[in-house]
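**Q** Below is a structure I'd like to ask you about.
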Number of protein chains: 2
Amino acid sequence: MTYCVALKLDEGLVFLSDTRTNAGVDDVSRYKKMFTWDVPGERVIVLMTAGNLSITQGVITRLNMALEAASEDGEVENLLNVPDLFRAAQVTGRLMRDLVGKHGEAIEKEGASSGASIILGGQIKGQPPRLFLIYSAGNFIECGEDTPFLQIGEIKYGKPILDRTIRRESSLDEGVRTVLVSMDSSVRSNLSVGPPFDLAVLKTGAFQMGVQRRVEDSDPTFRSISDGWSAALSRAVNDLPRTDDWFGGSLESE
Amino acid sequence: MTYCVALKLDEGLVFLSDTRTNAGVDDVSRYKKMFTWDVPGERVIVLMTAGNLSITQGVITRLNMALEAASEDGEVENLLNVPDLFRAAQVTGRLMRDLVGKHGEAIEKEGASSGASIILGGQIKGQPPRLFLIYSAGNFIECGEDTPFLQIGEIKYGKPILDRTIRRESSLDEGVRTVLVSMDSSVRSNLSVGPPFDLAVLKTGAFQMGVQRRVEDSDPTFRSISDGWSAALSRAVNDLPRTDDWFGGSLESE
């Protein structure tokens, strides 16, 4: 499995991915699932992958091959010359559809899943930041205003915290802390999601990689967020309205 | 889908179930999934069901038929005369296995799932409280000390809060508030989990139904817990250690 989450806030985009892949619980490895491209001052693109690793690696390899080919023949379409991020999502989706079409049946025959999904986002000069979720079939959706986040992989454990706290107006720092909590909840409940994590933050209008950092499980800031969160939740439960009135006080300890 | 959760705390057992069932998103109904039996002062048993409704209703009907039969012939084994809750789990599991064996293939042929699961718990005089999770195959596990809760149905959204806050030593009131938050998180993320909810609380050593209540979505206490939780989470994120040191303060708003 995998867990990747991206936020689209007014102040910018936040991306976080784990690094665990597995083919059964007895075959666990560490693979990077976040990939970035930029032309500082002009555009910056971040891509995160989940699902069948052979499919998603195939997509990344072909995206990079197009970049190389373009260095010899400027006409070759690639992530650094597409006119907008919508086209970047189309190109990426088409590659994924082609690869699933080519290999999907053979993969499924072996009892594995050929499913994969990709989050792609960034900003190109003169345009607003955009964020997409691309499916195996090559189709995609764009992150809207009502739900300012996208998730792929093992999304359920980490979703309630996003549902409750993330709004477009949330600050980038608040966003970073929230995705770390969301990731930590997923790691605690699903062995197939694991550290270290890759974090990227793109400030709106910067047109370059803002922050890019590998967060180790032992990182003191991450540890204090993880531990602090458990303590904060216990306090929060304690601060909730009591339910005694339902029971005539019968729940009080004797 | 469904969501049911039960806690095994030192002070007692807490049970909470939703009431939504569905066969596709266009066929949604309300069914009770919590069933109780008691002989006040001697034993009390609570059972919650998830999965294929025809299977779980079949189990409940047969458990009640055994009770009726026993009123004519005291020898018939039933929930009110089994010597311990382990045997109650065995009897219930055997009924489920028999029903799945009888109808499972035909159900699956129609494209539906015959899977089901049951949480059964309670206390019999002279014995400690016990809590079991029973699977379709009739096998079961008992709730232990390290993880003092069991869940069935759509378990993922509501699990992180349990992982972080529930310990054996938690009070019953804390337990009730936590399962309500856990349920509320599931309802927000999965349409197939829905109100009203059935709540039961058994105090250790009481040997009778302690609290039993249907909690409507409009219940003011439930509403204040749901709203209070969102506010508390936002505050909790705000109180977490800041991540600025990773970025040289570059995440500050300008």
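Residue numbers start at 1 in each chain; chains themselves are named A, B, ... in the order of the structure tokens; ligands are numbered from 1 in the order shown.
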Which residues are near Asp198 in chain B? Cut-off 8 Å, only C-alpha atoms, ignore same chain within fewer than 6 positions. Put them as a list in words.
**A**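 Listed by chain and then number, they are Phe15, Leu16, Ser17, Asp18, Thr19, Lys32, Met34, Gln212, Arg213, Arg214 and Val215 of chain B.
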**Q** Convert the current residue selection to file output with N, CA and C atoms, as an mmCIF file, in the first residue's frame.
**A**
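Final output, saved to selection-v8.cif:
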```
data_model
loop_
_atom_site.group_PDB
_atom_site.id
_atom_site.type_symbol
_atom_site.label_atom_id
_atom_site.label_comp_id
_atom_site.auth_asym_id
_atom_site.auth_seq_id
_atom_site.Cartn_x
_atom_site.Cartn_y
_atom_site.Cartn_z
ATOM 1 N N PHE B 15 -21.038 -0.291 24.115
ATOM 2 C CA PHE B 15 -21.403 -0.749 22.773
ATOM 3 C C PHE B 15 -22.069 0.396 22.011
ATOM 4 N N LEU B 16 -21.697 0.583 20.740
ATOM 5 C CA LEU B 16 -22.387 1.577 19.921
ATOM 6 C C LEU B 16 -22.535 1.032 18.494
ATOM 7 N N SER B 17 -23.748 1.107 17.952
ATOM 8 C CA SER B 17 -23.964 0.661 16.571
ATOM 9 C C SER B 17 -24.738 1.727 15.816
ATOM 10 N N ASP B 18 -24.557 1.762 14.487
ATOM 11 C CA ASP B 18 -25.393 2.640 13.676
ATOM 12 C C ASP B 18 -26.633 1.850 13.270
ATOM 13 N N THR B 19 -27.468 2.418 12.405
ATOM 14 C CA THR B 19 -28.706 1.724 12.029
ATOM 15 C C THR B 19 -28.923 1.715 10.514
ATOM 16 N N LYS B 32 -32.176 -2.007 13.049
ATOM 17 C CA LYS B 32 -31.498 -2.131 14.333
ATOM 18 C C LYS B 32 -30.429 -3.210 14.219
ATOM 19 N N MET B 34 -28.355 -3.781 17.080
ATOM 20 C CA MET B 34 -27.966 -4.122 18.447
ATOM 21 C C MET B 34 -29.098 -4.907 19.109
ATOM 22 N N GLN B 212 -29.173 2.082 28.154
ATOM 23 C CA GLN B 212 -29.494 1.695 26.796
ATOM 24 C C GLN B 212 -30.258 2.857 26.193
ATOM 25 N N ARG B 213 -29.772 3.380 25.097
ATOM 26 C CA ARG B 213 -30.348 4.620 24.585
ATOM 27 C C ARG B 213 -30.198 4.688 23.076
ATOM 28 N N ARG B 214 -31.256 5.143 22.417
ATOM 29 C CA ARG B 214 -31.136 5.458 20.992
ATOM 30 C C ARG B 214 -30.749 6.933 20.874
ATOM 31 N N VAL B 215 -29.639 7.178 20.193
ATOM 32 C CA VAL B 215 -29.134 8.541 20.066
ATOM 33 C C VAL B 215 -29.474 9.061 18.675
#
```
**Q** Give me the residues near Leu131 in chain B as a short mmCIF file (atom, residue, chain, number, x, y, z; two decimals) with N, CA, C and O atoms, in the first residue's frame, where near means some atom within 6 Å (using only C-alpha atoms) and where sequence neighbours in that chain fewer than 3 positions away do not count.
**A**
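Writing the result to around-v2.cif gives the following:
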```
data_model
loop_
_atom_site.label_atom_id
_atom_site.label_comp_id
_atom_site.auth_asym_id
_atom_site.auth_seq_id
_atom_site.Cartn_x
_atom_site.Cartn_y
_atom_site.Cartn_z
N LEU B 120 -20.07 -9.80 20.31
CA LEU B 120 -20.90 -10.29 21.41
C LEU B 120 -20.15 -10.08 22.72
O LEU B 120 -18.96 -10.41 22.82
N GLY B 121 -20.82 -9.48 23.70
CA GLY B 121 -20.16 -9.26 24.98
C GLY B 121 -21.17 -9.19 26.09
O GLY B 121 -22.38 -9.13 25.87
N GLU B 142 -11.19 -13.08 21.14
CA GLU B 142 -11.65 -12.37 22.34
C GLU B 142 -10.85 -11.09 22.51
O GLU B 142 -9.64 -11.06 22.26
N CYS B 143 -11.51 -10.04 22.90
CA CYS B 143 -10.86 -8.75 23.14
C CYS B 143 -9.87 -8.90 24.29
O CYS B 143 -10.22 -9.41 25.35
#
```
**Q** Find the residues of chain A that sit at most 9 Å from chain B; for each, write down the nearest two atoms and how far apart they are in Å, to one decimal. Count only C-alpha atoms. Sort by chain, then by number going up, and give it as CSV.
**A**
```
residue,atom,partner,partner_atom,distance
A:Glu11,CA,B:Ser253,CA,7.7
A:Lys156,CA,B:Tyr157,CA,5.4
A:Tyr157,CA,B:Tyr157,CA,5.1
A:Gly158,CA,B:Tyr157,CA,7.6
A:Lys159,CA,B:Tyr157,CA,7.0
A:Pro160,CA,B:Ser185,CA,5.8
A:Ile161,CA,B:Leu233,CA,7.5
A:Asp163,CA,B:Arg188,CA,8.2
A:Arg164,CA,B:Ser230,CA,5.4
A:Thr165,CA,B:Ser234,CA,5.4
A:Ile166,CA,B:Ser234,CA,8.6
A:Ser171,CA,B:Ser253,CA,7.4
A:Leu172,CA,B:Leu251,CA,6.2
A:Asp173,CA,B:Leu251,CA,6.0
A:Glu174,CA,B:Asn238,CA,6.9
A:Val176,CA,B:Thr243,CA,7.5
A:Arg177,CA,B:Val237,CA,6.8
A:Thr178,CA,B:Val237,CA,6.6
A:Val181,CA,B:Val237,CA,8.6
A:Ser185,CA,B:Pro160,CA,5.8
A:Ser186,CA,B:Pro160,CA,8.0
A:Arg188,CA,B:Pro160,CA,7.9
A:Ser189,CA,B:Pro160,CA,7.3
A:Val201,CA,B:Leu251,CA,8.6
A:Lys203,CA,B:Leu251,CA,8.2
A:Gly210,CA,B:Ser250,CA,8.2
A:Val211,CA,B:Phe247,CA,6.5
A:Gln212,CA,B:Phe247,CA,8.8
A:Arg213,CA,B:Trp246,CA,8.0
A:Thr221,CA,B:Thr243,CA,6.7
A:Phe222,CA,B:Thr243,CA,8.4
A:Ser224,CA,B:Pro241,CA,6.7
A:Ile225,CA,B:Leu240,CA,5.9
A:Ser226,CA,B:Leu240,CA,9.0
A:Gly228,CA,B:Leu240,CA,6.3
A:Trp229,CA,B:Leu240,CA,7.0
A:Ser230,CA,B:Arg164,CA,5.4
A:Ala231,CA,B:Arg164,CA,8.3
A:Ala232,CA,B:Ala236,CA,5.6
A:Leu233,CA,B:Thr165,CA,6.8
A:Ser234,CA,B:Thr165,CA,5.4
A:Arg235,CA,B:Ala232,CA,8.9
A:Ala236,CA,B:Ala232,CA,5.6
A:Val237,CA,B:Thr178,CA,6.6
A:Asn238,CA,B:Glu174,CA,6.9
A:Asp239,CA,B:Ala232,CA,8.1
A:Leu240,CA,B:Ile225,CA,5.9
A:Pro241,CA,B:Ile225,CA,6.0
A:Arg242,CA,B:Asp173,CA,7.1
A:Thr243,CA,B:Thr221,CA,6.7
A:Asp244,CA,B:Asp173,CA,7.3
A:Asp245,CA,B:Thr221,CA,8.6
A:Trp246,CA,B:Arg213,CA,8.0
A:Phe247,CA,B:Val211,CA,6.5
A:Ser250,CA,B:Gly210,CA,8.2
A:Leu251,CA,B:Asp173,CA,6.0
A:Glu252,CA,B:Asp173,CA,7.3
A:Ser253,CA,B:Ser171,CA,7.4
```
**Q** Considering only C-alpha atoms, state which residue in the set A:Val91, A:Cys4, A:Ile119, A:Val44 is at the smallest distance from Gly194 in chain A.
**A** A:Cys4
**Q** Which polymer residues have any atom within 6 Å of an atom of Leu7 in chain A, counting only C-alpha atoms, with same-chain residues fewer than 4 positions away left out, as a short mmCIF file (atom, residue, chain, number, x, y, z; two decimals) with C-alpha atoms, in the first residue's frame?
**A**
```cif
data_model
loop_
_atom_site.label_atom_id
_atom_site.label_comp_id
_atom_site.auth_asym_id
_atom_site.auth_seq_id
_atom_site.Cartn_x
_atom_site.Cartn_y
_atom_site.Cartn_z
CA LEU A 13 0.26 23.44 -2.15
CA VAL A 14 1.42 20.85 0.40
CA PRO A 148 -9.24 21.30 -0.62
CA PHE A 149 -7.31 18.03 -0.47
#
```
